[in-house]
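What follows is model38.tsv (TSV, C-alpha atoms).
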chain	number	residue	atom	x	y	z
A	19	MET	CA	134.04	123.73	115.82
A	20	SER	CA	130.31	124.40	116.17
A	21	TYR	CA	129.69	122.23	113.07
A	22	TYR	CA	131.27	119.17	114.71
A	23	ARG	CA	129.46	119.90	117.97
A	24	ASN	CA	126.12	120.01	116.13
A	25	LEU	CA	127.03	116.82	114.26
A	26	GLU	CA	127.89	115.04	117.51
A	27	ARG	CA	124.66	116.28	119.11
A	28	ARG	CA	122.65	114.93	116.16
A	29	LYS	CA	124.32	111.51	116.54
A	30	ASN	CA	123.17	111.38	120.16
A	31	THR	CA	119.48	111.58	119.27
A	32	LEU	CA	117.05	108.76	118.56
A	33	SER	CA	117.32	109.52	114.84
A	34	GLY	CA	121.09	109.00	114.93
A	35	TRP	CA	122.40	106.12	112.84
A	36	PRO	CA	123.32	103.83	115.79
A	37	HIS	CA	119.70	103.83	117.03
A	38	VAL	CA	118.26	103.58	113.51
A	39	ILE	CA	120.46	100.60	112.65
A	40	ALA	CA	119.70	98.89	115.97
A	41	THR	CA	115.94	99.31	115.46
A	42	VAL	CA	116.02	98.10	111.84
A	43	PHE	CA	118.05	95.07	112.95
A	44	ILE	CA	115.42	94.24	115.61
A	45	CYS	CA	112.64	94.68	113.04
A	46	LEU	CA	114.34	92.37	110.54
A	47	SER	CA	114.96	89.85	113.33
A	48	CYS	CA	111.21	89.80	114.04
A	49	ARG	CA	110.58	89.24	110.34
A	50	VAL	CA	113.07	86.35	110.29
A	51	MET	CA	111.35	84.84	113.34
A	52	GLY	CA	108.04	85.14	111.50
A	53	TYR	CA	109.63	83.38	108.52
A	54	PHE	CA	110.82	80.41	110.57
A	55	TYR	CA	107.42	80.07	112.25
A	56	SER	CA	105.67	80.51	108.85
A	57	SER	CA	103.50	83.21	110.36
A	58	GLY	CA	100.88	84.34	107.84
A	59	PHE	CA	102.02	81.89	105.17
A	60	PRO	CA	100.53	80.69	102.90
A	61	LEU	CA	98.58	83.85	102.18
A	62	GLU	CA	94.86	83.32	102.51
A	63	ALA	CA	91.94	85.22	100.98
A	64	ASP	CA	89.48	86.23	103.69
A	65	GLU	CA	85.87	85.71	102.60
A	66	ALA	CA	85.00	89.14	103.99
A	67	VAL	CA	87.55	90.75	101.67
A	68	MET	CA	86.82	91.72	98.09
A	69	PRO	CA	87.86	89.05	95.53
A	70	PHE	CA	90.65	91.25	94.13
A	71	TRP	CA	92.91	90.18	97.00
A	72	GLY	CA	92.29	86.51	96.20
A	73	SER	CA	93.16	87.15	92.55
A	74	LEU	CA	96.37	88.88	93.59
A	75	ILE	CA	97.73	86.27	96.01
A	76	LYS	CA	97.11	83.17	93.92
A	77	TRP	CA	100.37	83.91	92.08
A	78	LEU	CA	102.38	84.16	95.32
A	79	ASN	CA	103.26	80.61	96.33
A	80	SER	CA	106.96	80.99	97.17
A	81	LYS	CA	107.62	81.53	100.89
A	82	GLU	CA	110.90	83.38	100.33
A	83	LYS	CA	109.42	85.73	97.74
A	84	VAL	CA	106.39	86.49	99.93
A	85	TYR	CA	108.50	87.45	102.97
A	86	ILE	CA	110.97	89.50	100.93
A	87	LEU	CA	108.10	91.28	99.17
A	88	GLY	CA	106.46	91.98	102.53
A	89	VAL	CA	109.60	93.68	103.86
A	90	LEU	CA	110.06	95.71	100.66
A	91	ILE	CA	106.46	96.96	100.69
A	92	LEU	CA	106.70	98.02	104.35
A	93	LEU	CA	110.01	99.77	103.66
A	94	LEU	CA	108.31	101.63	100.80
A	95	ILE	CA	105.41	102.73	103.01
A	96	SER	CA	107.85	103.76	105.77
A	97	PHE	CA	109.84	105.79	103.23
A	98	LEU	CA	106.69	107.49	101.90
A	99	ILE	CA	105.42	108.56	105.34
A	100	GLN	CA	108.94	109.81	106.18
A	101	ARG	CA	109.03	111.68	102.86
A	102	ILE	CA	105.70	113.35	103.60
A	103	ASN	CA	107.09	114.53	106.94
A	104	ASP	CA	110.26	115.88	105.32
A	105	MET	CA	108.46	117.67	102.47
A	106	GLU	CA	105.89	119.32	104.73
A	107	MET	CA	108.35	119.89	107.62
A	108	LEU	CA	105.84	118.61	110.17
A	109	ILE	CA	108.62	118.14	112.72
A	110	ARG	CA	110.91	121.10	113.28
A	111	GLU	CA	114.03	118.98	113.81
A	112	ARG	CA	115.46	116.92	110.97
A	113	THR	CA	114.73	113.36	112.03
A	114	ARG	CA	114.47	109.78	110.78
A	115	LEU	CA	112.13	108.86	113.61
A	116	VAL	CA	108.99	108.73	111.45
A	117	PHE	CA	110.50	106.00	109.27
A	118	VAL	CA	111.89	104.10	112.26
A	119	ILE	CA	108.72	104.22	114.36
A	120	PHE	CA	106.42	103.06	111.57
A	121	PHE	CA	108.78	100.26	110.53
A	122	LEU	CA	109.18	99.19	114.17
A	123	PHE	CA	105.49	98.94	115.03
A	124	SER	CA	104.49	97.36	111.72
A	125	SER	CA	107.31	94.80	111.98
A	126	THR	CA	106.33	93.75	115.51
A	127	ASN	CA	102.67	93.23	114.59
A	128	ILE	CA	102.11	89.61	113.61
A	129	GLY	CA	98.90	90.61	111.82
A	130	ILE	CA	100.88	92.14	108.95
A	131	ILE	CA	103.57	89.46	108.57
A	132	PRO	CA	104.56	88.78	105.84
A	133	PHE	CA	101.84	91.03	104.35
A	134	ASN	CA	98.12	90.96	103.68
A	135	ASN	CA	95.28	93.01	102.22
A	136	VAL	CA	95.82	95.72	104.87
A	137	THR	CA	99.30	96.31	103.44
A	138	VAL	CA	97.69	97.44	100.17
A	139	VAL	CA	95.29	99.64	102.17
A	140	LEU	CA	98.25	101.26	103.97
A	141	LEU	CA	99.93	102.06	100.65
A	142	CYS	CA	96.72	103.63	99.31
A	143	LEU	CA	96.13	105.70	102.45
A	144	VAL	CA	99.67	107.05	102.63
A	145	LEU	CA	99.28	108.21	99.02
A	146	MET	CA	95.92	109.77	99.95
A	147	ILE	CA	97.64	111.73	102.75
A	148	TYR	CA	100.32	112.92	100.31
A	149	GLU	CA	97.73	114.19	97.81
A	150	LEU	CA	95.65	115.86	100.53
A	151	PHE	CA	98.59	117.69	102.11
A	152	LYS	CA	99.56	119.10	98.70
A	153	THR	CA	96.19	120.92	98.52
A	154	PHE	CA	96.73	123.26	101.47
A	155	HIS	CA	94.98	126.54	100.68
A	156	LEU	CA	94.48	125.36	97.05
A	157	PRO	CA	90.73	124.81	96.52
A	158	GLU	CA	91.39	124.61	92.78
A	159	ALA	CA	93.62	121.52	93.21
A	160	THR	CA	90.76	119.23	92.18
A	161	GLY	CA	93.10	116.83	90.38
A	162	ARG	CA	94.90	115.91	93.59
A	163	LEU	CA	91.63	115.46	95.47
A	164	PHE	CA	90.33	113.28	92.65
A	165	ASN	CA	93.46	111.15	93.12
A	166	ALA	CA	92.86	111.03	96.87
A	167	GLY	CA	89.33	109.73	96.24
A	168	VAL	CA	90.72	107.12	93.84
A	169	TYR	CA	93.17	105.88	96.50
A	170	ILE	CA	90.39	105.48	99.06
A	171	GLY	CA	88.28	103.65	96.48
A	172	LEU	CA	91.18	101.31	95.73
A	173	ALA	CA	91.75	100.73	99.45
A	174	SER	CA	88.10	99.75	99.88
A	175	LEU	CA	88.52	97.00	97.27
A	176	PHE	CA	90.85	95.30	99.75
A	177	LEU	CA	89.15	96.43	102.98
A	178	PRO	CA	85.53	97.54	102.37
A	179	GLN	CA	85.37	99.52	105.64
A	180	ALA	CA	88.11	101.80	104.26
A	181	LEU	CA	85.26	103.69	102.54
A	182	TRP	CA	84.70	105.37	105.91
A	183	PHE	CA	87.90	107.34	105.28
A	184	ILE	CA	86.06	109.39	102.63
A	185	PRO	CA	84.35	111.56	105.31
A	186	LEU	CA	87.75	111.92	106.98
A	187	LEU	CA	89.15	113.16	103.66
A	188	TRP	CA	86.42	115.80	103.49
A	189	ILE	CA	87.19	116.89	107.05
A	190	GLY	CA	90.86	117.16	106.06
A	191	MET	CA	89.94	119.24	103.01
A	192	TYR	CA	88.04	121.63	105.29
A	193	GLN	CA	90.97	121.83	107.71
A	194	LEU	CA	93.46	122.52	104.92
A	195	LEU	CA	91.23	125.19	103.36
A	196	SER	CA	90.72	123.27	100.11
A	197	PHE	CA	87.07	122.33	100.53
A	198	THR	CA	84.74	123.66	97.83
A	199	LEU	CA	81.84	122.13	95.94
A	200	ARG	CA	84.18	121.37	93.03
A	201	SER	CA	86.83	119.73	95.23
A	202	PHE	CA	84.14	117.78	97.10
A	203	ALA	CA	82.73	116.53	93.79
A	204	ALA	CA	86.24	115.66	92.54
A	205	SER	CA	87.02	113.49	95.57
A	206	LEU	CA	83.63	111.77	95.35
A	207	LEU	CA	84.06	111.22	91.60
A	208	GLY	CA	87.50	109.71	92.20
A	209	MET	CA	86.05	107.12	94.57
A	210	LEU	CA	83.10	106.39	92.25
A	211	THR	CA	85.44	105.94	89.28
A	212	VAL	CA	87.01	102.96	91.04
A	213	TYR	CA	83.59	101.39	91.53
A	214	TRP	CA	82.59	102.15	87.96
A	215	LEU	CA	85.63	100.14	86.84
A	216	ALA	CA	84.75	97.43	89.39
A	217	LEU	CA	81.22	97.29	87.93
A	218	THR	CA	82.70	96.88	84.46
A	219	TRP	CA	84.76	93.96	85.77
A	220	CYS	CA	81.59	92.45	87.32
A	221	VAL	CA	79.72	92.70	84.02
A	222	TRP	CA	82.62	91.02	82.22
A	223	LYS	CA	82.77	88.21	84.82
A	224	HIS	CA	78.97	88.00	85.29
A	225	ASP	CA	79.63	88.10	89.03
A	226	TYR	CA	78.24	90.91	91.20
A	227	SER	CA	79.28	89.45	94.55
A	228	ILE	CA	81.67	92.39	95.09
A	229	PHE	CA	78.80	94.73	95.93
A	230	THR	CA	77.13	92.12	98.14
A	231	MET	CA	80.38	91.73	100.09
A	232	LEU	CA	80.70	95.49	100.30
A	233	TYR	CA	77.23	95.84	101.82
A	234	HIS	CA	77.71	93.02	104.33
A	235	SER	CA	81.15	94.24	105.40
A	236	MET	CA	80.01	97.84	105.84
A	237	THR	CA	76.95	96.89	107.90
A	238	ASP	CA	78.55	94.12	109.99
A	239	PHE	CA	78.91	96.21	113.15
A	240	GLN	CA	80.40	94.46	116.20
A	241	LEU	CA	80.38	97.32	118.66
A	242	PHE	CA	83.15	97.02	121.29
A	243	SER	CA	83.47	93.27	120.65
A	244	VAL	CA	87.24	93.75	120.34
A	245	PHE	CA	87.44	94.27	124.12
A	246	LEU	CA	85.90	90.85	124.78
A	247	SER	CA	88.89	88.97	123.35
A	248	ILE	CA	91.83	90.82	124.93
A	249	ARG	CA	94.88	88.63	125.55
A	250	TYR	CA	98.14	89.20	127.42
A	251	PHE	CA	100.05	89.81	124.17
A	252	HIS	CA	97.80	92.78	123.33
A	253	ILE	CA	99.61	94.88	125.94
A	254	GLY	CA	101.89	96.29	123.22
A	255	PHE	CA	98.87	97.55	121.27
A	256	ALA	CA	97.35	99.00	124.44
A	257	MET	CA	100.53	100.92	125.31
A	258	ILE	CA	100.64	102.48	121.83
A	259	ALA	CA	96.97	103.51	122.01
A	260	LEU	CA	97.41	105.06	125.46
A	261	MET	CA	100.28	107.19	124.13
A	262	MET	CA	97.69	109.18	122.19
A	263	ILE	CA	96.68	111.03	125.37
A	264	PRO	CA	100.04	112.77	126.06
A	265	ILE	CA	100.62	113.16	122.30
A	266	PHE	CA	97.29	114.97	121.89
A	267	LEU	CA	98.02	117.28	124.85
A	268	ASN	CA	101.56	117.99	123.64
A	269	ILE	CA	100.45	118.94	120.12
A	270	LYS	CA	97.67	121.20	121.39
A	271	ILE	CA	99.95	122.95	123.90
A	272	ASP	CA	102.75	123.34	121.34
A	273	ALA	CA	100.39	124.55	118.60
A	274	ILE	CA	101.28	128.20	119.22
A	275	ASN	CA	104.85	127.49	118.07
A	276	ASN	CA	103.74	126.11	114.69
A	277	ARG	CA	102.50	127.77	111.55
A	278	LEU	CA	98.87	127.33	110.52
A	279	ARG	CA	99.77	124.77	107.84
A	280	ILE	CA	101.64	122.54	110.30
A	281	ARG	CA	98.90	122.87	112.94
A	282	GLN	CA	96.21	121.81	110.49
A	283	MET	CA	98.20	118.88	109.13
A	284	LEU	CA	99.01	117.59	112.60
A	285	SER	CA	95.35	118.06	113.52
A	286	PHE	CA	94.33	115.95	110.53
A	287	LEU	CA	96.73	113.19	111.59
A	288	LEU	CA	95.26	113.31	115.10
A	289	ASN	CA	91.79	112.97	113.59
A	290	MET	CA	92.95	110.05	111.45
A	291	ALA	CA	94.39	108.25	114.48
A	292	ILE	CA	91.18	108.77	116.47
A	293	TRP	CA	89.10	107.81	113.42
A	294	SER	CA	90.99	104.50	113.18
A	295	ILE	CA	90.37	103.74	116.87
A	296	VAL	CA	86.65	104.53	116.51
A	297	LEU	CA	86.38	102.20	113.49
A	298	LEU	CA	88.29	99.59	115.49
A	299	CYS	CA	85.60	99.77	118.17
A	300	PHE	CA	82.76	99.54	115.61
A	301	TYR	CA	84.22	96.70	113.54
A	302	GLY	CA	85.62	94.19	116.03
A	303	GLY	CA	86.16	91.58	113.32
A	304	SER	CA	88.51	93.94	111.48
A	305	ALA	CA	90.10	95.43	114.60
A	306	GLY	CA	93.58	94.23	113.64
A	307	ALA	CA	93.35	96.01	110.28
A	308	PHE	CA	92.39	99.34	111.84
A	309	PHE	CA	95.13	99.15	114.43
A	310	ILE	CA	97.66	98.67	111.64
A	311	ILE	CA	96.14	101.67	109.80
A	312	PHE	CA	96.49	103.59	113.07
A	313	TYR	CA	100.29	103.24	112.74
A	314	LEU	CA	100.34	105.65	109.76
A	315	PRO	CA	99.36	108.85	111.58
A	316	PHE	CA	100.80	107.59	114.86
A	317	ALA	CA	104.34	107.35	113.43
A	318	VAL	CA	104.40	111.09	112.68
A	319	LEU	CA	102.64	112.08	115.91
A	320	MET	CA	104.91	109.92	118.07
A	321	ALA	CA	108.03	111.25	116.37
A	322	TYR	CA	106.79	114.82	116.95
A	323	PHE	CA	106.17	114.02	120.62
A	324	LEU	CA	109.59	112.41	121.15
A	325	GLU	CA	111.43	115.29	119.48
A	326	ASN	CA	109.80	117.68	121.97
A	327	MET	CA	110.96	115.65	124.98
A	328	ARG	CA	114.21	115.93	126.88
A	329	LYS	CA	116.85	113.40	125.88
A	330	PRO	CA	116.79	111.02	128.88
A	331	PHE	CA	112.99	110.67	128.68
A	332	GLN	CA	113.19	110.29	124.88
A	333	PHE	CA	115.39	107.23	125.14
A	334	LEU	CA	113.54	105.70	128.10
A	335	LEU	CA	110.11	105.99	126.47
A	336	TYR	CA	111.25	104.87	123.03
A	337	TYR	CA	113.11	101.78	124.21
A	338	PHE	CA	110.36	100.95	126.70
A	339	LEU	CA	107.84	100.82	123.84
A	340	LEU	CA	110.32	98.91	121.69
A	341	VAL	CA	110.88	96.22	124.36
A	342	ILE	CA	107.15	95.93	125.14
A	343	ASN	CA	106.26	95.45	121.46
A	344	VAL	CA	109.04	92.93	120.82
A	345	ILE	CA	107.97	90.90	123.88
A	346	SER	CA	104.34	91.13	122.77
A	347	PHE	CA	105.36	89.95	119.30
A	348	ALA	CA	107.35	87.01	120.68
A	349	LEU	CA	104.53	85.90	122.99
A	350	ARG	CA	102.01	86.09	120.19
A	351	ILE	CA	104.08	84.24	117.63
A	352	TRP	CA	104.91	81.43	120.09
A	353	SER	CA	101.25	81.03	121.05
A	354	HIS	CA	100.04	81.28	117.45
With the file now loaded, output its structure as structure tokens.
Amino acid sequence: MSYYRNLERRKNTLSGWPHVIATVFICLSCRVMGYFYSSGFPLEADEAVMPFWGSLIKWLNSKEKVYILGVLILLLISFLIQRINDMEMLIRERTRLVFVIFFLFSSTNIGIIPFNNVTVVLLCLVLMIYELFKTFHLPEATGRLFNAGVYIGLASLFLPQALWFIPLLWIGMYQLLSFTLRSFAASLLGMLTVYWLALTWCVWKHDYSIFTMLYHSMTDFQLFSVFLSIRYFHIGFAMIALMMIPIFLNIKIDAINNRLRIRQMLSFLLNMAIWSIVLLCFYGGSAGAFFIIFYLPFAVLMAYFLENMRKPFQFLLYYFLLVINVISFALRIWSH
């Protein structure tokens, strides 16, 4: 009897299948709307982005294939961030909320429809988080930290400012008790290996513009310029960012109920979310990219926050954010 009662109680949560299916349906509907409005198609190579992105997209000239590929990549990233949560047990309750929240926010952001260079950056960063979390209290796990450095290096080939996540990786290594001179050198060597291969490519092509673009992108600071171009459809982004305040307080207050490993991992995700917002303020021209990157840690943090709330407030807050972001998406795509 208690089994069926627990099963029924699990169905009545946000991670129950009715809510998951409803959210995924809304997300796919937004993608279909983007398809009919040809949002983000054809794919374009931004001059501020490394040439690797331009080389990648020149083979993608079918609208149907591009939109289907965009959905599949986002589903993969959503699955990976959900898998990280499940493996590390960051949230005490068994939940699908991490997958649902990331897929929801990324699907209602016109800046990532169908997909762009930031999608590749997201995939690299979620793999970096996976490698980092596997090094908890393992300073000898230099191989994983080398891989983490490689992923950040690869991400920077598609978004040069992603190199600023290397210091964040070192902070995470310190938090997870895996920071030593050897692990520091391994992560740095991983990043430099990517650029050693990039240099080889430059020598072969007799074109060194990659490093010129890297320098200009890294030094092109537009401090707080993002706040000068706020529009009515940015309200969805603003609501998500403001949620960081109660999330931060909730995690700090609830820290006593978590083990050291969970506390440190959640703390790293908080740092990553704040790091993304700081970079957003420094690089106004790439603000959209950093807000999309912000979704990665935010999905776990928001799911943790919702699971700690009482049921009526859970549903009200979740569906309030869902409606706000869908309306914001619709307004933006119609005014695009």
- Task: Give as JSON, numbers by chain every residue, naming chains and numbers as the document does, that has an atom within 10 Å of (85.4, 113.1, 89.3), counting only C-alpha atoms.
- Result: {"A": [160, 161, 163, 164, 165, 167, 168, 200, 201, 202, 203, 204, 205, 206, 207, 208, 209, 210, 211]}
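For the pair atom CA of Ile258 of chain A and atom CA of Ala180 of chain A, the interatomic distance is 21.6 Å.
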- Message: Ranking A:Ile39, A:Leu232, A:Met107, A:Met290 by minimum distance to Leu177 of chain A and counting only C-alpha atoms, which one comes first?
- Response: A:Leu232
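Considering all atoms listed in the file, the residue among A:Leu115, A:Cys48, A:Leu150, A:Leu339 positioned nearest to Met257 of chain A is A:Leu339.
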- Got a sec: who's within 8 Å of Phe154 of chain A, counting only C-alpha atoms, leaving out chain neighbours fewer than 2 positions off, as a VMD selection string? chain A and resid 150 to 152 156 to 157 194 to 196 279
- Message: What's the separation between atom CA of Ile95 of chain A and atom CA of Trp214 of chain A, in Å to one decimal place?
- Response: 27.3 Å
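With only C-alpha atoms as the atoms that count, the minimum distance from Ile345 of chain A to the choices A:Phe331, A:Phe255, A:Phe266, A:Tyr301 is reached by A:Phe255.
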- Find the residues with any atom within 7 Å of (84.9, 96.0, 104.5); use all atoms listed in the file and the coordinates as given in the file, and write the answer as a PyMOL selection string. chain A and resi 66-67+174+177-180+232+235-236
Would you pick out the contacts of Leu87 of chain A at 8 Å or less, using all atoms listed in the file, so that residues sharing its chain but fewer than 4 positions from it are not included, and give the list as a PDB file with C-alpha atoms, in the coordinates of the input?
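result_5.pdb written:
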ATOM      1  CA  LYS A  83     109.420  85.730  97.740  1.00  0.00           C
ATOM      2  CA  ILE A  91     106.460  96.960 100.690  1.00  0.00           C
ATOM      3  CA  PRO A 132     104.560  88.780 105.840  1.00  0.00           C
TER       4      PRO A 132
END
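The smallest atom-to-atom distance between Glu62 of chain A and any of A:Asn135, A:Asn276, A:Asn127, A:Thr41, using all atoms listed in the file, is found for A:Asn135.
With all atoms listed in the file as the basis for measurement, A:Leu314 is the residue among A:Leu186, A:Leu314, A:Val341, A:Met51 that approaches Ser124 of chain A most closely.
Shortest atom-to-atom contact with Leu324 of chain A among A:Tyr336, A:Phe133, A:Phe239, A:Trp222: A:Tyr336, counting all atoms listed in the file.
Taking atom CA of Val84 of chain A as the reference point, atom CA of Ser47 of chain A is found at 16.3 Å.
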- Item | All residues 7 Å or closer to Tyr313 of chain A, only C-alpha atoms, same chain fewer than 4 positions away omitted, as a PyMOL selection string | chain A and resi 120+309+317
Work out where the centre of an axis-aligned box around every listed atom of segment 278-297 of chain A lies and how long its edges are once 4 Å is added on each side; give both in Å to one decimal as AutoDock Vina command-line options.
--center_x 94.0 --center_y 114.8 --center_z 112.4 --size_x 23.3 --size_y 33.1 --size_z 17.0
